[in-house]
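Have a look at the structure below, then the notes.
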Amino acid sequence: MRLRTTILSILLCLLDGQISLAQNVWCISTTNLDAENYYGATVANGMIGIKSSLQPLQTEHMIMAGAYDKYGRGNVDNILMVINFMNVVLVVDKDTISLSNISHYQQSVHFKEGYFSGSFDVSDKLHLEYQIYALRHLPYCALMNITISPLKDIPIHFIHEHNSSEALKELKIRHSELIEGNTHLKLLSSDTESKTGKIKVCATSIILAGDDKVYQKGKDYHVSIVGACVTSAHHSDPANEAERLAIFTALEKIPILTHGRNCG
């Protein structure tokens with residue numbers, strides 16, 4: 001009896017190993033991205049929630065716990081859709097990247113690590129992969145990592161955007177720079193209010209290594225966007241706090257950010 005139990009245990013272990021090798025049970029991926037039947041995945045860290053978009057290098061919207069106001073449905077407070085500060089428009093060889101000019105597009109949601117990702121090809125010009133994180137150890141902050149693998153020498157231009165939501169008034173955009181020793185950061189900031197004026201919403205983000213230049217074949221290039229969003233429901237000076245958090249995040253090393261968010 002003991003021998004049969006031991007053999008059964010060994011067989012079950014082997015079967016479990018085969019299943020693990022065959023598929024990652026913590027990850028769901030799809031290449032069947034249909035605009036009419038697309039429902040984005042959401043990642044969150046307890047403060048910021050980020051919903052994926054069908055569009056490459058975009059997020060559909062962000063929400064923030066603890067910020068509520070009246071908009072949309074009914075005469076009750078709803079959780080606030082805040083400034084969407086992680087969107088990137090990519091221009092490759094003067095062509096703006098969209099669903100219409102990419103191929104082999106795949107999106108995945110990684111449940112164990114808590115992020116979503118995408119990858120696609122731009123004809124015979126490049127392969128690109130990206131990951132979007134809500135940073136667990138920095139609850140107002142988010143991170144997008146982009147890896148570009150050119151298939152030929154190609155000029156690439158990054159346009160970093162902030163977008164409002166149906167819950168907010170029009171954004172006021174600010175550009176500033178931080179120059180301190182060898183540190184040179186270009187900050188994109190935006191301020192607005194909820195539709196009723198009850199809550200002030202502020203965001204700051206920074207693109208790292210996203211220089212406009214000719215990207216060379218045979219090299220992998222890494223670009224990151226870090227940022228933070230803060231409201232007056234959380235802080236008495238949300239504009240200053242969002243800027244401070246974005247700068248702090250930008251000064252951290254990317255491996256530290258991704259490692260730190262997986263701890264705890």
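Chain identifiers are assigned as A, B, and so on, following the order in which chains appear in the structure tokens; residues are numbered from 1 within each chain, and ligands are numbered from 1 in order of appearance.
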
Run DSSP on the backbone and tell me which residues of region 1-228 of chain A come out as strand (DSSP E); list them as a PyMOL selection string. chain A and resi 27-30+42-44+48-52+59-70+77-82+84-92+95-96+103-110+115-122+126-134+141-150+154-163+172-180+183-193+200-208+213-215+221-228

I'd like a table as JSON lines: residues in region 181-237 of chain A with an atom no more than 10 Å from region 104-127 of chain A, each row giving the shortest atom pair and its distance in Å to one decimal, only C-alpha atoms counted, sorted by chain and rising residue number.
```
{"residue": "A:Tyr215", "atom": "CA", "partner": "A:Leu126", "partner_atom": "CA", "distance": 9.6}
{"residue": "A:Lys217", "atom": "CA", "partner": "A:Leu126", "partner_atom": "CA", "distance": 8.6}
{"residue": "A:Asp220", "atom": "CA", "partner": "A:His127", "partner_atom": "CA", "distance": 9.7}
```

With N, CA, C and O atoms retained, could you export that selection as a PDB file, in the first residue's frame?
```
ATOM      1  N   TYR A 215      17.340  54.711 -33.899  1.00  0.00           N
ATOM      2  CA  TYR A 215      17.591  53.498 -33.116  1.00  0.00           C
ATOM      3  C   TYR A 215      18.204  52.447 -34.035  1.00  0.00           C
ATOM      4  O   TYR A 215      17.687  52.184 -35.129  1.00  0.00           O
ATOM      5  N   LYS A 217      19.767  48.917 -35.560  1.00  0.00           N
ATOM      6  CA  LYS A 217      19.477  47.488 -35.672  1.00  0.00           C
ATOM      7  C   LYS A 217      20.444  46.679 -34.796  1.00  0.00           C
ATOM      8  O   LYS A 217      21.618  47.006 -34.677  1.00  0.00           O
ATOM      9  N   ASP A 220      18.908  46.382 -28.217  1.00  0.00           N
ATOM     10  CA  ASP A 220      17.654  46.549 -27.486  1.00  0.00           C
ATOM     11  C   ASP A 220      17.710  47.864 -26.725  1.00  0.00           C
ATOM     12  O   ASP A 220      18.697  48.153 -26.038  1.00  0.00           O
TER      13      ASP A 220
END
```

Could you name the residues that touch Glu193 (chain A) at 12 Å or less, counting only C-alpha atoms, but leaving out those on the same chain fewer than 2 positions away, as a PyMOL selection string? chain A and resi 67-69+80-83+164-172+190-191+195-203+230-233+238-239

For the selection you just gave me, I'd like the residues written to a file as a short mmCIF file (atom, residue, chain, number, x, y, z; two decimals), in the first residue's frame, keeping N, CA, C and O atoms.
```cif
data_model
loop_
_atom_site.label_atom_id
_atom_site.label_comp_id
_atom_site.auth_asym_id
_atom_site.auth_seq_id
_atom_site.Cartn_x
_atom_site.Cartn_y
_atom_site.Cartn_z
N ALA A 67 -11.10 58.80 -3.42
CA ALA A 67 -11.54 60.03 -4.09
C ALA A 67 -12.90 59.76 -4.72
O ALA A 67 -13.02 58.95 -5.65
N TYR A 68 -13.93 60.44 -4.23
CA TYR A 68 -15.30 60.21 -4.69
C TYR A 68 -15.98 61.55 -4.96
O TYR A 68 -15.77 62.52 -4.24
N ASP A 69 -16.78 61.57 -6.02
CA ASP A 69 -17.56 62.76 -6.33
C ASP A 69 -18.71 62.38 -7.25
O ASP A 69 -18.72 61.27 -7.82
N LEU A 80 -13.59 58.17 -8.34
CA LEU A 80 -13.16 59.14 -9.34
C LEU A 80 -12.19 58.52 -10.36
O LEU A 80 -11.22 57.88 -9.98
N MET A 81 -12.51 58.70 -11.64
CA MET A 81 -11.55 58.39 -12.69
C MET A 81 -10.61 59.59 -12.80
O MET A 81 -11.03 60.68 -13.18
N VAL A 82 -9.34 59.38 -12.49
CA VAL A 82 -8.39 60.48 -12.37
C VAL A 82 -7.62 60.68 -13.67
O VAL A 82 -7.96 60.11 -14.71
N ILE A 83 -6.58 61.49 -13.62
CA ILE A 83 -5.78 61.80 -14.80
C ILE A 83 -5.06 60.54 -15.28
O ILE A 83 -4.42 59.83 -14.50
N SER A 164 -7.57 63.54 -19.72
CA SER A 164 -8.60 63.72 -18.72
C SER A 164 -9.59 62.57 -18.79
O SER A 164 -9.42 61.62 -19.56
N SER A 165 -10.66 62.64 -17.99
CA SER A 165 -11.70 61.62 -18.00
C SER A 165 -13.05 62.31 -17.92
O SER A 165 -13.14 63.53 -17.71
N GLU A 166 -14.10 61.53 -18.04
CA GLU A 166 -15.45 62.09 -17.97
C GLU A 166 -15.77 62.66 -16.60
O GLU A 166 -16.73 63.43 -16.45
N ALA A 167 -14.98 62.31 -15.60
CA ALA A 167 -15.23 62.79 -14.25
C ALA A 167 -14.54 64.11 -13.95
O ALA A 167 -14.76 64.70 -12.89
N LEU A 168 -13.70 64.59 -14.89
CA LEU A 168 -12.84 65.74 -14.62
C LEU A 168 -13.09 66.89 -15.58
O LEU A 168 -13.60 66.70 -16.69
N LYS A 169 -12.69 68.06 -15.15
CA LYS A 169 -12.69 69.23 -16.04
C LYS A 169 -11.46 69.16 -16.95
O LYS A 169 -10.65 68.24 -16.88
N GLU A 170 -11.30 70.14 -17.80
CA GLU A 170 -10.19 70.18 -18.74
C GLU A 170 -8.85 70.29 -18.00
O GLU A 170 -8.76 70.97 -16.97
N LEU A 171 -7.84 69.63 -18.54
CA LEU A 171 -6.53 69.63 -17.90
C LEU A 171 -5.78 70.93 -18.18
O LEU A 171 -5.88 71.51 -19.26
N LYS A 172 -5.01 71.35 -17.19
CA LYS A 172 -4.03 72.42 -17.37
C LYS A 172 -2.65 71.77 -17.35
O LYS A 172 -2.23 71.19 -16.36
N SER A 190 0.04 67.91 -14.89
CA SER A 190 -1.29 68.38 -15.24
C SER A 190 -2.13 68.55 -13.97
O SER A 190 -1.96 67.80 -13.01
N ASP A 191 -2.99 69.55 -13.98
CA ASP A 191 -3.86 69.85 -12.85
C ASP A 191 -5.29 69.99 -13.37
O ASP A 191 -5.52 70.49 -14.46
N LYS A 195 -15.71 67.35 -11.72
CA LYS A 195 -16.72 68.16 -12.40
C LYS A 195 -17.42 69.14 -11.45
O LYS A 195 -17.79 70.24 -11.82
N THR A 196 -17.61 68.76 -10.19
CA THR A 196 -18.28 69.64 -9.23
C THR A 196 -17.32 70.65 -8.61
O THR A 196 -17.75 71.58 -7.92
N GLY A 197 -16.01 70.46 -8.82
CA GLY A 197 -15.02 71.32 -8.19
C GLY A 197 -14.67 70.89 -6.77
O GLY A 197 -13.87 71.55 -6.10
N LYS A 198 -15.21 69.78 -6.33
CA LYS A 198 -14.99 69.33 -4.95
C LYS A 198 -13.55 68.85 -4.72
O LYS A 198 -12.98 69.08 -3.65
N ILE A 199 -12.98 68.19 -5.72
CA ILE A 199 -11.67 67.55 -5.54
C ILE A 199 -10.69 68.07 -6.60
O ILE A 199 -11.01 68.11 -7.80
N LYS A 200 -9.51 68.43 -6.16
CA LYS A 200 -8.42 68.80 -7.07
C LYS A 200 -7.61 67.55 -7.38
O LYS A 200 -7.31 66.75 -6.49
N VAL A 201 -7.25 67.38 -8.65
CA VAL A 201 -6.52 66.19 -9.10
C VAL A 201 -5.27 66.66 -9.83
O VAL A 201 -5.34 67.50 -10.74
N CYS A 202 -4.11 66.10 -9.46
CA CYS A 202 -2.83 66.51 -10.05
C CYS A 202 -1.99 65.27 -10.38
O CYS A 202 -2.03 64.28 -9.64
N ALA A 203 -1.27 65.35 -11.47
CA ALA A 203 -0.39 64.24 -11.87
C ALA A 203 0.90 64.80 -12.44
O ALA A 203 0.91 65.87 -13.07
N VAL A 230 -2.10 62.40 -7.44
CA VAL A 230 -2.53 62.66 -6.07
C VAL A 230 -3.73 63.61 -6.12
O VAL A 230 -3.80 64.48 -6.99
N THR A 231 -4.67 63.46 -5.20
CA THR A 231 -5.82 64.34 -5.14
C THR A 231 -5.87 65.07 -3.81
O THR A 231 -5.17 64.70 -2.85
N SER A 232 -6.72 66.09 -3.76
CA SER A 232 -6.87 66.84 -2.51
C SER A 232 -7.59 66.03 -1.45
O SER A 232 -7.61 66.43 -0.28
N ALA A 233 -8.17 64.91 -1.84
CA ALA A 233 -8.76 64.01 -0.84
C ALA A 233 -7.68 63.26 -0.06
O ALA A 233 -7.96 62.70 1.01
N PRO A 238 -1.72 68.57 -3.51
CA PRO A 238 -1.56 67.43 -4.41
C PRO A 238 -0.59 67.68 -5.56
O PRO A 238 0.08 66.75 -6.01
N ALA A 239 -0.49 68.91 -6.06
CA ALA A 239 0.42 69.19 -7.18
C ALA A 239 1.87 68.97 -6.76
O ALA A 239 2.65 68.32 -7.46
#
```

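Of the listed residues A:Met144, A:Val89, A:Cys229, A:Ile132, the one whose atoms come nearest to His160 (chain A) is A:Val89, with distances taken using only C-alpha atoms.
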
Got a sec: who's within 6 Å of Ser52 (chain A), counting only C-alpha atoms, leaving out chain neighbours fewer than 4 positions off, as number ranges by chain? A: 40-41, 59-60

Within 10 Å of Ala209 (chain A) using only C-alpha atoms, minus same-chain residues under 3 positions, as a list in words: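 Those residues are Ile206, Asp212, Tyr221, His222, Val223, Ser224 and Ile225 of chain A.
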
Prev. selection, N, CA and C atoms, output as a JSON list (two decimals), in the first residue's frame:
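The file below, part09.json, is the result:
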```
[["chain", "number", "residue", "atom", "x", "y", "z"],
["A", 206, "ILE", "N", 7.31, 61.36, -15.90],
["A", 206, "ILE", "CA", 8.64, 61.60, -16.47],
["A", 206, "ILE", "C", 8.98, 60.44, -17.39],
["A", 212, "ASP", "N", 14.56, 61.25, -28.88],
["A", 212, "ASP", "CA", 14.27, 61.16, -30.31],
["A", 212, "ASP", "C", 15.60, 60.98, -31.04],
["A", 221, "TYR", "N", 16.65, 48.64, -26.84],
["A", 221, "TYR", "CA", 16.58, 49.94, -26.17],
["A", 221, "TYR", "C", 15.47, 49.89, -25.13],
["A", 222, "HIS", "N", 15.76, 50.47, -23.95],
["A", 222, "HIS", "CA", 14.82, 50.42, -22.84],
["A", 222, "HIS", "C", 14.38, 51.84, -22.49],
["A", 223, "VAL", "N", 13.09, 52.06, -22.51],
["A", 223, "VAL", "CA", 12.49, 53.35, -22.19],
["A", 223, "VAL", "C", 11.47, 53.12, -21.08],
["A", 224, "SER", "N", 11.39, 54.04, -20.13],
["A", 224, "SER", "CA", 10.43, 53.91, -19.04],
["A", 224, "SER", "C", 9.69, 55.21, -18.83],
["A", 225, "ILE", "N", 8.45, 55.09, -18.39],
["A", 225, "ILE", "CA", 7.66, 56.24, -17.96],
["A", 225, "ILE", "C", 7.26, 55.98, -16.52]]
```

Return the single residue from A:Met64, A:Ala35, A:Glu180, A:Lys186 that is closest to His234 (chain A), with distances computed using only C-alpha atoms.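 The closest residue to His234 (chain A) is A:Met64.
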
Identify all residues of region 96-258 of chain A in alpha helix (DSSP H) (DSSP on the backbone) and supply them as a CSV table (one decimal) with N, CA and C atoms, in the first residue's frame.
```csv
chain,number,residue,atom,x,y,z
A,238,PRO,N,-1.7,68.6,-3.5
A,238,PRO,CA,-1.6,67.4,-4.4
A,238,PRO,C,-0.6,67.7,-5.6
A,239,ALA,N,-0.5,68.9,-6.1
A,239,ALA,CA,0.4,69.2,-7.2
A,239,ALA,C,1.9,69.0,-6.8
A,240,ASN,N,2.2,69.5,-5.6
A,240,ASN,CA,3.6,69.4,-5.1
A,240,ASN,C,3.9,67.9,-4.8
A,241,GLU,N,2.9,67.2,-4.2
A,241,GLU,CA,3.2,65.8,-3.8
A,241,GLU,C,3.3,64.9,-5.0
A,242,ALA,N,2.5,65.1,-6.0
A,242,ALA,CA,2.6,64.3,-7.2
A,242,ALA,C,4.0,64.5,-7.9
A,243,GLU,N,4.4,65.8,-7.9
A,243,GLU,CA,5.7,66.1,-8.5
A,243,GLU,C,6.8,65.4,-7.7
A,244,ARG,N,6.7,65.5,-6.4
A,244,ARG,CA,7.8,65.0,-5.5
A,244,ARG,C,7.9,63.4,-5.7
A,245,LEU,N,6.7,62.8,-5.7
A,245,LEU,CA,6.7,61.3,-5.9
A,245,LEU,C,7.2,60.9,-7.2
A,246,ALA,N,6.9,61.6,-8.3
A,246,ALA,CA,7.3,61.3,-9.6
A,246,ALA,C,8.9,61.4,-9.7
A,247,ILE,N,9.4,62.5,-9.1
A,247,ILE,CA,10.9,62.6,-9.1
A,247,ILE,C,11.5,61.5,-8.3
A,248,PHE,N,11.0,61.2,-7.1
A,248,PHE,CA,11.6,60.1,-6.3
A,248,PHE,C,11.6,58.8,-7.1
A,249,THR,N,10.5,58.5,-7.8
A,249,THR,CA,10.4,57.3,-8.5
A,249,THR,C,11.4,57.3,-9.7
A,250,ALA,N,11.5,58.4,-10.4
A,250,ALA,CA,12.4,58.5,-11.5
A,250,ALA,C,13.9,58.4,-11.1
A,251,LEU,N,14.2,58.8,-9.9
A,251,LEU,CA,15.6,58.6,-9.4
A,251,LEU,C,15.9,57.2,-8.9
A,254,ILE,N,15.3,51.2,-12.2
A,254,ILE,CA,14.1,50.5,-12.6
A,254,ILE,C,14.1,49.1,-12.0
A,255,PRO,N,15.2,48.3,-12.0
A,255,PRO,CA,15.1,47.0,-11.3
A,255,PRO,C,14.7,47.1,-9.8
A,256,ILE,N,15.1,48.2,-9.1
A,256,ILE,CA,14.7,48.3,-7.8
A,256,ILE,C,13.2,48.6,-7.7
A,257,LEU,N,12.6,49.3,-8.6
A,257,LEU,CA,11.2,49.6,-8.7
A,257,LEU,C,10.4,48.3,-8.9
A,258,THR,N,10.8,47.5,-9.9
A,258,THR,CA,10.1,46.3,-10.2
A,258,THR,C,10.3,45.2,-9.1
```

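Among the candidate residues A:Ser205, A:Gly74, A:Lys51, A:Met62, the one lying nearest to Ser176 (chain A) is A:Ser205, with distances computed using only C-alpha atoms.
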
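In this model, the gap between CA of Thr31 (chain A) and CA of Leu54 (chain A) comes to 11.2 Å.
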
Leu135 (chain A) surroundings by only C-alpha atoms, 8 Å radius, close-in-sequence under 6 positions cut, as a list in words: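 My reading of the contact set: Asn45, Cys141, Ala142, Leu143, Leu257, Thr258 and Arg261 of chain A.
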